[in-house]
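final_37.tsv, holding TSV, C-alpha atoms:
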```
chain	number	residue	atom	x	y	z
A	1	MET	CA	8.02	-26.86	6.95
A	2	PRO	CA	6.87	-23.28	7.54
A	3	VAL	CA	3.41	-22.46	6.20
A	4	LEU	CA	2.08	-19.36	4.45
A	5	HIS	CA	-1.60	-18.70	3.79
A	6	PHE	CA	-2.29	-16.66	0.64
A	7	TRP	CA	-5.66	-14.89	0.79
A	8	TYR	CA	-6.92	-13.67	-2.56
A	9	GLU	CA	-10.01	-12.23	-4.21
A	10	PHE	CA	-10.47	-12.75	-7.94
A	11	ALA	CA	-11.42	-9.13	-8.67
A	12	SER	CA	-8.27	-7.84	-6.94
A	13	THR	CA	-5.65	-6.42	-9.26
A	14	TYR	CA	-2.67	-6.82	-6.94
A	15	SER	CA	-3.74	-10.38	-6.10
A	16	TYR	CA	-3.11	-11.13	-9.77
A	17	LEU	CA	0.54	-10.09	-9.45
A	18	THR	CA	0.97	-12.31	-6.41
A	19	ALA	CA	-0.86	-15.32	-7.85
A	20	MET	CA	1.49	-15.41	-10.83
A	21	ARG	CA	4.65	-15.57	-8.71
A	22	ILE	CA	3.90	-16.91	-5.24
A	23	GLU	CA	4.28	-20.61	-5.98
A	24	ASP	CA	7.83	-20.14	-7.29
A	25	ARG	CA	8.71	-17.91	-4.36
A	26	CYS	CA	7.42	-20.36	-1.77
A	27	ARG	CA	9.16	-23.30	-3.41
A	28	ALA	CA	12.46	-21.39	-3.50
A	29	ALA	CA	12.07	-20.39	0.16
A	30	GLY	CA	11.00	-23.84	1.35
A	31	VAL	CA	7.62	-22.62	2.59
A	32	GLU	CA	4.37	-24.59	2.23
A	33	LEU	CA	1.73	-22.54	0.46
A	34	ILE	CA	-1.99	-22.68	1.20
A	35	TRP	CA	-4.27	-20.95	-1.33
A	36	ARG	CA	-7.26	-19.28	0.36
A	37	PRO	CA	-9.76	-17.79	-2.10
A	38	PHE	CA	-12.17	-15.49	-0.25
A	39	LEU	CA	-14.58	-12.64	-0.99
A	40	LEU	CA	-13.77	-9.00	-0.34
A	41	GLY	CA	-17.33	-7.83	-1.04
A	42	PRO	CA	-18.74	-8.57	2.43
A	43	ILE	CA	-15.66	-7.01	4.06
A	44	PHE	CA	-15.89	-3.88	1.91
A	45	ARG	CA	-19.62	-3.58	2.59
A	46	ALA	CA	-18.90	-3.70	6.34
A	47	GLN	CA	-16.65	-0.67	5.74
A	48	GLY	CA	-19.48	1.14	3.94
A	49	TRP	CA	-18.17	0.57	0.39
A	50	ASP	CA	-20.39	-0.84	-2.37
A	51	THR	CA	-17.60	-1.05	-4.97
A	52	SER	CA	-13.82	-1.12	-5.12
A	53	PRO	CA	-12.10	1.74	-3.25
A	54	PHE	CA	-10.21	2.29	-6.52
A	55	ASN	CA	-13.53	3.36	-8.06
A	56	ILE	CA	-14.58	5.43	-5.04
A	57	TYR	CA	-11.28	7.36	-4.76
A	58	GLU	CA	-10.47	8.56	-8.26
A	59	ALA	CA	-6.84	9.66	-7.80
A	60	LYS	CA	-6.04	6.41	-6.01
A	61	GLY	CA	-7.67	4.40	-8.78
A	62	ARG	CA	-5.79	6.24	-11.50
A	63	TYR	CA	-2.55	5.58	-9.66
A	64	MET	CA	-3.32	1.91	-9.09
A	65	TRP	CA	-3.80	1.18	-12.81
A	66	ARG	CA	-0.51	2.87	-13.64
A	67	ASP	CA	1.32	1.14	-10.81
A	68	LEU	CA	-0.14	-2.22	-11.82
A	69	GLU	CA	1.01	-1.69	-15.39
A	70	ARG	CA	4.57	-0.89	-14.23
A	71	ARG	CA	4.76	-3.81	-11.86
A	72	ALA	CA	3.28	-6.31	-14.31
A	73	ALA	CA	5.91	-5.24	-16.83
A	74	ALA	CA	8.71	-5.59	-14.26
A	75	GLN	CA	7.42	-9.09	-13.50
A	76	GLY	CA	7.41	-10.06	-17.18
A	77	LEU	CA	3.62	-10.30	-17.42
A	78	PRO	CA	1.68	-9.22	-20.54
A	79	ASN	CA	0.23	-5.71	-20.84
A	80	ILE	CA	-2.66	-5.14	-18.45
A	81	HIS	CA	-6.08	-5.49	-20.05
A	82	ARG	CA	-8.34	-3.44	-17.82
A	83	PRO	CA	-11.54	-5.41	-17.08
A	84	ASP	CA	-14.82	-3.75	-17.99
A	85	PRO	CA	-16.70	-3.44	-15.74
A	86	PHE	CA	-14.24	-3.24	-12.89
A	87	PRO	CA	-14.39	-4.90	-10.44
A	88	GLN	CA	-15.56	-8.15	-11.98
A	89	ASN	CA	-17.83	-10.31	-9.83
A	90	GLY	CA	-15.55	-13.09	-8.59
A	91	LEU	CA	-18.11	-15.11	-6.64
A	92	LEU	CA	-18.46	-18.03	-9.05
A	93	ALA	CA	-14.70	-18.22	-9.69
A	94	ALA	CA	-14.10	-18.24	-5.92
A	95	ARG	CA	-16.56	-21.10	-5.45
A	96	ILE	CA	-14.82	-23.08	-8.18
A	97	ALA	CA	-11.39	-22.32	-6.68
A	98	THR	CA	-12.74	-23.57	-3.35
A	99	ILE	CA	-13.53	-26.91	-5.00
A	100	GLY	CA	-10.16	-26.88	-6.73
A	101	ALA	CA	-8.26	-26.22	-3.51
A	102	GLY	CA	-9.43	-29.59	-2.25
A	103	ALA	CA	-8.90	-31.37	-5.57
A	104	GLY	CA	-5.39	-30.16	-6.38
A	105	TRP	CA	-6.12	-27.98	-9.43
A	106	GLY	CA	-6.92	-24.81	-7.47
A	107	PRO	CA	-3.63	-23.03	-8.20
A	108	ASP	CA	-3.74	-23.74	-11.96
A	109	PHE	CA	-7.35	-22.62	-12.16
A	110	THR	CA	-6.58	-19.48	-10.17
A	111	ARG	CA	-3.74	-18.47	-12.47
A	112	ALA	CA	-5.89	-19.19	-15.53
A	113	VAL	CA	-8.69	-16.94	-14.23
A	114	TYR	CA	-6.32	-14.08	-13.43
A	115	ALA	CA	-4.62	-14.31	-16.82
A	116	ALA	CA	-7.99	-14.42	-18.62
A	117	GLN	CA	-9.14	-11.36	-16.68
A	118	PHE	CA	-6.09	-9.09	-16.60
A	119	ALA	CA	-4.10	-10.19	-19.65
A	120	GLN	CA	-6.97	-11.01	-22.02
A	121	GLY	CA	-9.87	-8.95	-20.68
A	122	GLN	CA	-12.29	-11.85	-20.49
A	123	PRO	CA	-15.44	-11.54	-18.33
A	124	ILE	CA	-14.68	-13.85	-15.41
A	125	SER	CA	-18.16	-13.50	-13.95
A	126	ALA	CA	-19.51	-15.35	-17.02
A	127	PRO	CA	-19.97	-19.10	-16.41
A	128	GLU	CA	-18.91	-19.87	-20.00
A	129	THR	CA	-15.51	-18.22	-19.43
A	130	LEU	CA	-14.92	-20.37	-16.37
A	131	VAL	CA	-16.11	-23.58	-18.05
A	132	ALA	CA	-13.69	-22.98	-20.92
A	133	LEU	CA	-10.81	-22.41	-18.49
A	134	LEU	CA	-11.67	-25.61	-16.60
A	135	ASN	CA	-11.87	-27.58	-19.85
A	136	GLY	CA	-8.48	-26.16	-20.76
A	137	LEU	CA	-7.09	-27.75	-17.60
A	138	GLY	CA	-8.41	-31.15	-18.69
A	139	LEU	CA	-11.37	-31.07	-16.31
A	140	ASP	CA	-15.08	-31.50	-16.96
A	141	GLY	CA	-15.95	-27.83	-16.84
A	142	SER	CA	-19.72	-28.20	-16.94
A	143	GLN	CA	-19.71	-30.67	-14.08
A	144	VAL	CA	-17.48	-28.49	-11.90
A	145	LEU	CA	-19.67	-25.48	-12.70
A	146	GLN	CA	-22.74	-27.35	-11.61
A	147	SER	CA	-21.16	-28.27	-8.28
A	148	ALA	CA	-20.09	-24.66	-7.76
A	149	GLN	CA	-23.60	-23.42	-8.48
A	150	THR	CA	-25.56	-25.98	-6.51
A	151	ASP	CA	-23.43	-27.59	-3.82
A	152	ASP	CA	-24.25	-26.02	-0.45
A	153	SER	CA	-21.09	-27.33	1.17
A	154	VAL	CA	-19.02	-25.33	-1.35
A	155	LYS	CA	-21.00	-22.15	-0.66
A	156	ASN	CA	-20.68	-22.69	3.07
A	157	GLN	CA	-16.97	-23.33	2.84
A	158	LEU	CA	-16.35	-20.09	0.93
A	159	ARG	CA	-18.53	-18.20	3.39
A	160	ALA	CA	-16.57	-19.68	6.29
A	161	THR	CA	-13.24	-18.76	4.67
A	162	THR	CA	-14.43	-15.18	4.24
A	163	GLU	CA	-15.54	-15.03	7.87
A	164	THR	CA	-12.18	-16.43	8.98
A	165	ALA	CA	-10.42	-13.77	6.91
A	166	GLN	CA	-12.45	-11.03	8.54
A	167	SER	CA	-11.89	-12.42	12.04
A	168	GLN	CA	-8.14	-12.50	11.39
A	169	GLY	CA	-8.18	-8.79	10.62
A	170	LEU	CA	-8.03	-8.92	6.82
A	171	PHE	CA	-9.32	-5.83	5.06
A	172	GLY	CA	-7.88	-6.19	1.55
A	173	ALA	CA	-6.18	-8.54	-0.89
A	174	PRO	CA	-3.76	-10.06	-1.38
A	175	SER	CA	-3.03	-10.82	2.26
A	176	PHE	CA	-0.73	-13.35	3.87
A	177	THR	CA	-0.90	-14.95	7.31
A	178	THR	CA	1.62	-17.11	9.09
A	179	GLU	CA	1.00	-19.92	11.55
A	180	ASP	CA	1.65	-17.59	14.49
A	181	GLY	CA	-1.08	-15.21	13.29
A	182	GLU	CA	1.04	-12.47	11.70
A	183	LEU	CA	-0.76	-10.56	8.93
A	184	PHE	CA	0.79	-8.98	5.84
A	185	TRP	CA	-1.17	-7.02	3.24
A	186	GLY	CA	-0.26	-6.33	-0.37
A	187	ASP	CA	1.75	-7.96	-3.13
A	188	ASP	CA	4.71	-5.86	-2.00
A	189	ARG	CA	4.70	-7.60	1.39
A	190	LEU	CA	5.13	-11.13	0.00
A	191	GLU	CA	8.85	-11.17	0.74
A	192	ASP	CA	8.30	-9.86	4.30
A	193	ALA	CA	5.67	-12.55	4.85
A	194	LEU	CA	7.98	-15.29	3.60
A	195	ASN	CA	10.78	-14.08	5.85
A	196	TRP	CA	8.42	-14.02	8.80
A	197	ALA	CA	7.21	-17.56	8.06
A	198	LEU	CA	10.81	-18.76	7.94
A	199	ARG	CA	11.52	-17.22	11.36
A	200	VAL	CA	8.69	-19.18	12.97
A	201	LYS	CA	9.84	-22.59	14.19
A	202	ASN	CA	7.57	-25.37	13.02
B	1	MET	CA	21.85	14.31	-12.36
B	2	PRO	CA	18.41	12.61	-12.12
B	3	VAL	CA	16.00	14.28	-9.71
B	4	LEU	CA	13.49	12.81	-7.27
B	5	HIS	CA	10.83	14.83	-5.47
B	6	PHE	CA	9.90	13.47	-2.03
B	7	TRP	CA	6.43	14.59	-0.94
B	8	TYR	CA	5.75	14.18	2.77
B	9	GLU	CA	3.23	15.11	5.45
B	10	PHE	CA	4.42	15.31	9.04
B	11	ALA	CA	1.50	13.32	10.46
B	12	SER	CA	2.13	10.44	8.05
B	13	THR	CA	3.54	7.31	9.63
B	14	TYR	CA	5.08	5.82	6.50
B	15	SER	CA	6.60	9.20	5.57
B	16	TYR	CA	8.63	8.82	8.77
B	17	LEU	CA	10.20	5.58	7.51
B	18	THR	CA	11.11	7.25	4.22
B	19	ALA	CA	12.43	10.46	5.76
B	20	MET	CA	14.92	8.52	7.85
B	21	ARG	CA	16.47	6.69	4.89
B	22	ILE	CA	15.87	8.60	1.67
B	23	GLU	CA	18.92	10.86	1.80
B	24	ASP	CA	21.31	7.89	2.02
B	25	ARG	CA	19.45	6.07	-0.74
B	26	CYS	CA	19.53	9.03	-3.11
B	27	ARG	CA	23.21	9.68	-2.44
B	28	ALA	CA	24.05	6.03	-3.11
B	29	ALA	CA	22.01	6.05	-6.32
B	30	GLY	CA	23.36	9.38	-7.57
B	31	VAL	CA	19.94	11.03	-7.57
B	32	GLU	CA	19.29	14.62	-6.51
B	33	LEU	CA	16.66	14.79	-3.79
B	34	ILE	CA	14.11	17.57	-3.39
B	35	TRP	CA	12.20	17.64	-0.11
B	36	ARG	CA	8.56	18.74	-0.61
B	37	PRO	CA	6.62	19.12	2.67
B	38	PHE	CA	2.90	19.41	1.94
B	39	LEU	CA	-0.44	18.96	3.71
B	40	LEU	CA	-2.64	15.91	3.31
B	41	GLY	CA	-5.57	17.47	5.20
B	42	PRO	CA	-7.01	19.41	2.23
B	43	ILE	CA	-6.57	16.37	-0.04
B	44	PHE	CA	-8.25	14.03	2.47
B	45	ARG	CA	-11.09	16.51	2.98
B	46	ALA	CA	-11.67	16.56	-0.79
B	47	GLN	CA	-12.14	12.77	-0.52
B	48	GLY	CA	-14.69	13.23	2.24
B	49	TRP	CA	-12.39	12.29	5.15
B	50	ASP	CA	-12.05	14.47	8.24
B	51	THR	CA	-9.29	12.38	9.83
B	52	SER	CA	-6.72	9.75	8.83
B	53	PRO	CA	-8.15	6.78	6.91
B	54	PHE	CA	-6.31	4.67	9.50
B	55	ASN	CA	-8.75	6.02	12.09
B	56	ILE	CA	-11.77	5.66	9.81
B	57	TYR	CA	-11.06	2.06	8.79
B	58	GLU	CA	-10.31	0.18	12.01
B	59	ALA	CA	-8.84	-3.06	10.64
B	60	LYS	CA	-6.61	-1.09	8.28
B	61	GLY	CA	-5.44	1.11	11.15
B	62	ARG	CA	-4.67	-1.86	13.39
B	63	TYR	CA	-2.66	-3.40	10.59
B	64	MET	CA	-0.77	-0.17	9.82
B	65	TRP	CA	0.53	0.20	13.37
B	66	ARG	CA	1.74	-3.38	13.41
B	67	ASP	CA	3.30	-3.09	9.95
B	68	LEU	CA	4.99	0.19	10.92
B	69	GLU	CA	6.44	-1.45	14.03
B	70	ARG	CA	7.86	-4.34	11.98
B	71	ARG	CA	9.31	-2.11	9.30
B	72	ALA	CA	10.80	0.39	11.76
B	73	ALA	CA	12.55	-2.52	13.49
B	74	ALA	CA	13.84	-3.89	10.18
B	75	GLN	CA	15.20	-0.43	9.41
B	76	GLY	CA	16.98	-0.21	12.77
B	77	LEU	CA	14.74	2.58	14.09
B	78	PRO	CA	13.65	2.79	17.75
B	79	ASN	CA	10.36	1.26	18.91
B	80	ILE	CA	7.37	3.17	17.59
B	81	HIS	CA	5.84	5.59	20.07
B	82	ARG	CA	2.28	6.01	18.90
B	83	PRO	CA	1.34	9.71	18.92
B	84	ASP	CA	-1.69	10.70	20.98
B	85	PRO	CA	-3.80	12.08	19.45
B	86	PHE	CA	-3.21	10.58	16.02
B	87	PRO	CA	-2.87	12.16	13.56
B	88	GLN	CA	-0.91	15.09	14.96
B	89	ASN	CA	-1.53	18.46	13.35
B	90	GLY	CA	1.52	18.99	11.13
B	91	LEU	CA	0.67	22.45	9.81
B	92	LEU	CA	3.21	24.44	11.83
B	93	ALA	CA	5.97	21.89	11.27
B	94	ALA	CA	5.24	21.97	7.53
B	95	ARG	CA	5.49	25.76	7.47
B	96	ILE	CA	8.83	25.60	9.28
B	97	ALA	CA	10.08	22.88	6.93
B	98	THR	CA	9.07	25.11	4.03
B	99	ILE	CA	11.37	27.81	5.39
B	100	GLY	CA	14.09	25.22	6.03
B	101	ALA	CA	13.90	23.84	2.51
B	102	GLY	CA	15.10	27.20	1.24
B	103	ALA	CA	17.68	27.66	3.99
B	104	GLY	CA	19.37	24.25	3.85
B	105	TRP	CA	18.30	22.85	7.24
B	106	GLY	CA	14.97	21.41	6.02
B	107	PRO	CA	16.09	17.77	5.94
B	108	ASP	CA	17.65	17.88	9.45
B	109	PHE	CA	14.57	19.58	10.87
B	110	THR	CA	12.29	17.08	9.13
B	111	ARG	CA	14.13	14.10	10.59
B	112	ALA	CA	14.15	15.72	14.04
B	113	VAL	CA	10.37	16.25	13.93
B	114	TYR	CA	9.67	12.68	12.82
B	115	ALA	CA	11.97	11.21	15.50
B	116	ALA	CA	10.38	13.41	18.19
B	117	GLN	CA	6.93	12.29	17.09
B	118	PHE	CA	7.30	8.58	16.38
B	119	ALA	CA	10.29	7.58	18.52
B	120	GLN	CA	9.71	9.86	21.52
B	121	GLY	CA	5.99	10.58	21.40
B	122	GLN	CA	6.36	14.36	21.58
B	123	PRO	CA	3.44	16.58	20.51
B	124	ILE	CA	4.66	18.06	17.24
B	125	SER	CA	1.72	20.43	16.94
B	126	ALA	CA	3.03	22.29	20.02
B	127	PRO	CA	5.15	25.33	19.10
B	128	GLU	CA	7.47	24.69	22.08
B	129	THR	CA	8.36	21.22	20.75
B	130	LEU	CA	9.32	22.71	17.40
B	131	VAL	CA	11.28	25.59	18.93
B	132	ALA	CA	13.31	23.12	21.01
B	133	LEU	CA	14.06	21.03	17.91
B	134	LEU	CA	15.16	24.12	15.97
B	135	ASN	CA	17.37	25.24	18.86
B	136	GLY	CA	18.87	21.76	18.88
B	137	LEU	CA	19.94	22.33	15.28
B	138	GLY	CA	21.76	25.51	16.30
B	139	LEU	CA	19.06	27.82	14.93
B	140	ASP	CA	17.15	30.62	16.60
B	141	GLY	CA	13.99	28.63	17.20
B	142	SER	CA	11.82	31.52	18.38
B	143	GLN	CA	12.69	33.61	15.37
B	144	VAL	CA	11.97	30.79	12.91
B	145	LEU	CA	8.70	30.08	14.70
B	146	GLN	CA	7.66	33.69	14.36
B	147	SER	CA	8.33	33.65	10.61
B	148	ALA	CA	6.36	30.43	10.26
B	149	GLN	CA	3.42	31.90	12.14
B	150	THR	CA	3.33	35.32	10.54
B	151	ASP	CA	5.03	35.32	7.14
B	152	ASP	CA	2.39	35.21	4.42
B	153	SER	CA	4.89	34.14	1.77
B	154	VAL	CA	5.59	30.97	3.78
B	155	LYS	CA	1.90	30.19	4.12
B	156	ASN	CA	1.36	30.83	0.42
B	157	GLN	CA	4.31	28.66	-0.54
B	158	LEU	CA	3.02	25.71	1.49
B	159	ARG	CA	-0.46	26.19	0.05
B	160	ALA	CA	0.98	26.25	-3.47
B	161	THR	CA	3.00	23.08	-2.81
B	162	THR	CA	-0.15	21.32	-1.61
B	163	GLU	CA	-2.06	22.45	-4.69
B	164	THR	CA	0.77	21.24	-6.92
B	165	ALA	CA	0.69	17.88	-5.14
B	166	GLN	CA	-3.01	17.54	-5.75
B	167	SER	CA	-2.73	18.58	-9.38
B	168	GLN	CA	-0.04	15.94	-9.92
B	169	GLY	CA	-2.43	13.25	-8.70
B	170	LEU	CA	-1.09	12.76	-5.17
B	171	PHE	CA	-3.55	11.25	-2.73
B	172	GLY	CA	-1.31	10.06	0.11
B	173	ALA	CA	2.15	10.24	1.59
B	174	PRO	CA	4.95	9.56	1.17
B	175	SER	CA	4.87	10.06	-2.60
B	176	PHE	CA	7.64	10.45	-5.13
B	177	THR	CA	7.63	12.13	-8.52
B	178	THR	CA	10.24	12.12	-11.24
B	179	GLU	CA	11.07	14.84	-13.75
B	180	ASP	CA	8.97	13.10	-16.41
B	181	GLY	CA	5.89	13.18	-14.16
B	182	GLU	CA	5.85	9.59	-12.96
B	183	LEU	CA	4.17	9.14	-9.57
B	184	PHE	CA	5.01	6.55	-6.91
B	185	TRP	CA	3.16	6.19	-3.62
B	186	GLY	CA	4.35	4.63	-0.38
B	187	ASP	CA	7.60	4.03	1.43
B	188	ASP	CA	7.75	0.62	-0.26
B	189	ARG	CA	7.94	2.28	-3.69
B	190	LEU	CA	11.08	4.33	-2.95
B	191	GLU	CA	13.32	1.84	-4.77
B	192	ASP	CA	10.98	1.75	-7.79
B	193	ALA	CA	10.98	5.55	-7.87
B	194	LEU	CA	14.76	5.72	-7.73
B	195	ASN	CA	15.08	3.18	-10.52
B	196	TRP	CA	12.62	5.16	-12.61
B	197	ALA	CA	14.51	8.41	-12.00
B	198	LEU	CA	17.74	6.73	-13.12
B	199	ARG	CA	16.11	5.57	-16.36
B	200	VAL	CA	15.15	9.11	-17.29
B	201	LYS	CA	17.88	10.89	-19.23
B	202	ASN	CA	18.67	14.28	-17.77
```

How does this structure look as structure tokens?
Amino acid sequence: MPVLHFWYEFASTYSYLTAMRIEDRCRAAGVELIWRPFLLGPIFRAQGWDTSPFNIYEAKGRYMWRDLERRAAAQGLPNIHRPDPFPQNGLLAARIATIGAGAGWGPDFTRAVYAAQFAQGQPISAPETLVALLNGLGLDGSQVLQSAQTDDSVKNQLRATTETAQSQGLFGAPSFTTEDGELFWGDDRLEDALNWALRVKN
Amino acid sequence: MPVLHFWYEFASTYSYLTAMRIEDRCRAAGVELIWRPFLLGPIFRAQGWDTSPFNIYEAKGRYMWRDLERRAAAQGLPNIHRPDPFPQNGLLAARIATIGAGAGWGPDFTRAVYAAQFAQGQPISAPETLVALLNGLGLDGSQVLQSAQTDDSVKNQLRATTETAQSQGLFGAPSFTTEDGELFWGDDRLEDALNWALRVKN
């Protein structure tokens, strides 16, 4: 089965759009999906940015919020609740998603975090938000939180994923990579990425 | 008939993809198309950039050239010939296109300039390139060139178009605006822009 890697950062607005639809799209296309939470912060800092480019470049930011609103509506998602502050710090959520990727509940947790952030305006950098979302999935939220905060192997794994992303040429999120190393950037390239994955013989 | 404004800069790689397909798309959709050549330079300078962001941000630039290659192929366009230097200075071409927009040959000239630049690698900042393209359209290239270089009303019109672009929130190219002031950015938003234009009652 062809494989598609989905690289996402929790603070990323367009990653939200992708996260809410990619599983259905991959299933329909017959493509195996691998969820790869990573951090954009270190990559942005290497480009000289200390916040989201949507904050640095005002006109671009204004456009992005409008475009996001239109595309969320077209996708049948609730009205966008703009996080304050933006971007939210997604480090803890990304560590938890790293645990979840190995345990099978990563995708459900990821969707729950995005919905809490962009549909309900909840502060996803707050541990209590994340614990409540984990509990809602039937997990022991406090225990998972503790692992995410203290387990060095989790921290190292997320760091390694971020370094892999950077070494594969990623500079934004969402991004998609195929087994033959082809890179696609942006929610609007999901279909191109799927088509590419299907062309690659596995 | 619904109206769509197509804002383009000659140096812009993704504007090339749009320029080669937008007329067919608008005709098929029953949307009136208005070609708006403008300059990105002043807008980029206001953001603190003195060259294309694809030169400033290396990973993003590397990705853009690959993405452009893939999308040109999917669109049935020739292999991309990467201009050297990039970006080309599109000022003179934009002045000529401003004349052509009023005279009816703007779209043909625009496509000819983009093909010369990105399919054949010709230097589009060179007056002789532009004169040859104009002659190829059955025009008096030298005469048009002279107007573009000396006519203050042409210079003022292009400057005004660029100021209008900026005041409407444009920050990149290609961009599309509808009669109700909705802005779309990027070749991959052409279909969204057309659908929006069709929703607006005229």

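With all atoms listed in the file taken into account, the protein and nucleic acid residues at most 12 Å from Glu23 in chain B (excluding it and anything under 4 positions from it in its own chain) are Leu4, His5, Phe6, Leu17, Thr18, Ala19, Arg27, Ala28, Ala29, Gly30, Val31, Glu32, Leu33, Ile34, Trp35, Pro107, Asp108, Thr110, Arg111, Leu190 and Leu194 of chain B.
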
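The residues of chain A lying at most 10 Å from chain B, with all atoms listed in the file taken into account, are Gln47, Gly48, Ile56, Tyr57, Glu58, Ala59, Lys60, Arg62, Tyr63, Met64, Arg66, Asp67, Arg70, Arg71, Gln166, Ser167, Gln168, Gly169, Leu170, Phe171, Gly172, Glu182, Leu183, Phe184, Trp185, Asp188, Arg189 and Asp192 of chain A.
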
re CA of Leu137 in chain A and CA of Thr98 in chain A: distance 15.9 Å

Hey, can I get the axis-aligned box for range 150-156 of chain B? All listed atoms, 8 Å padding on each side, centre and edge lengths in Å to one decimal, as JSON.
```
{"center_x": 3.5, "center_y": 32.8, "center_z": 5.5, "size_x": 20.2, "size_y": 21.1, "size_z": 26.1}
```

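For Leu91 in chain A, the set of protein, DNA and RNA residues having any atom at most 9 Å away, when counting all atoms listed in the file and skipping those fewer than 6 positions along the same chain, is A:Glu9, A:Phe10, A:Phe38, A:Leu39, A:Ser125.
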
Near Leu130 in chain A, counting all atoms listed in the file, which residues have an atom at most 8 Å away, once you skip same-chain residues fewer than 6 positions from it, shown as JSON, numbers by chain?
{"A": [93, 113, 124, 141, 145]}

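Going from CA of Pro78 in chain A to CA of Gln120 in chain A covers 9.0 Å.
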
Residues at most 12 Å from Gln146 in chain A, counting all atoms listed in the file, excluding those fewer than 5 positions away in the same chain, as a ChimeraX atom specification?
/A:92,95-96,99,127-128,130-131,140-141,151-152,154

Save out the residues we just selected, C-alpha atoms, as a short mmCIF file (atom, residue, chain, number, x, y, z; two decimals), in the coordinates of the input.
```cif
data_model
loop_
_atom_site.label_atom_id
_atom_site.label_comp_id
_atom_site.auth_asym_id
_atom_site.auth_seq_id
_atom_site.Cartn_x
_atom_site.Cartn_y
_atom_site.Cartn_z
CA LEU A 92 -18.46 -18.03 -9.05
CA ARG A 95 -16.56 -21.10 -5.45
CA ILE A 96 -14.82 -23.08 -8.18
CA ILE A 99 -13.53 -26.91 -5.00
CA PRO A 127 -19.97 -19.10 -16.41
CA GLU A 128 -18.91 -19.87 -20.00
CA LEU A 130 -14.92 -20.37 -16.37
CA VAL A 131 -16.11 -23.58 -18.05
CA ASP A 140 -15.08 -31.50 -16.96
CA GLY A 141 -15.95 -27.83 -16.84
CA ASP A 151 -23.43 -27.59 -3.82
CA ASP A 152 -24.25 -26.02 -0.45
CA VAL A 154 -19.02 -25.33 -1.35
#
```

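The spacing separating CA of Ala160 in chain A from CA of Ala103 in chain A amounts to 18.3 Å.
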
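Among the candidate residues B:Cys26, B:Leu77, B:Ala132, B:Ala197, the one lying nearest to Ala115 in chain B is B:Leu77, with distances computed using all atoms listed in the file.
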
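Using only C-alpha atoms for every distance, the candidate list B:Tyr14, B:Thr129, B:Ala46, B:Asp84 yields B:Ala46 as the residue closest to Glu163 in chain B.
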
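Using only C-alpha atoms for every distance, the candidate list A:Gly100, A:Gly90, A:Gly76, A:Pro2 yields A:Pro2 as the residue closest to Asp180 in chain A.
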
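Within 12 Å of the point (-9.5, 9.4, 12.3), counting only C-alpha atoms, the protein and nucleic acid residues come to Ala11, Gly41, Phe44, Arg45, Gly48, Trp49, Asp50, Thr51, Ser52, Pro53, Phe54, Asn55, Ile56, Tyr57, Glu58, Lys60, Gly61, Asp84, Pro85, Phe86, Pro87 and Gln88 of chain B.
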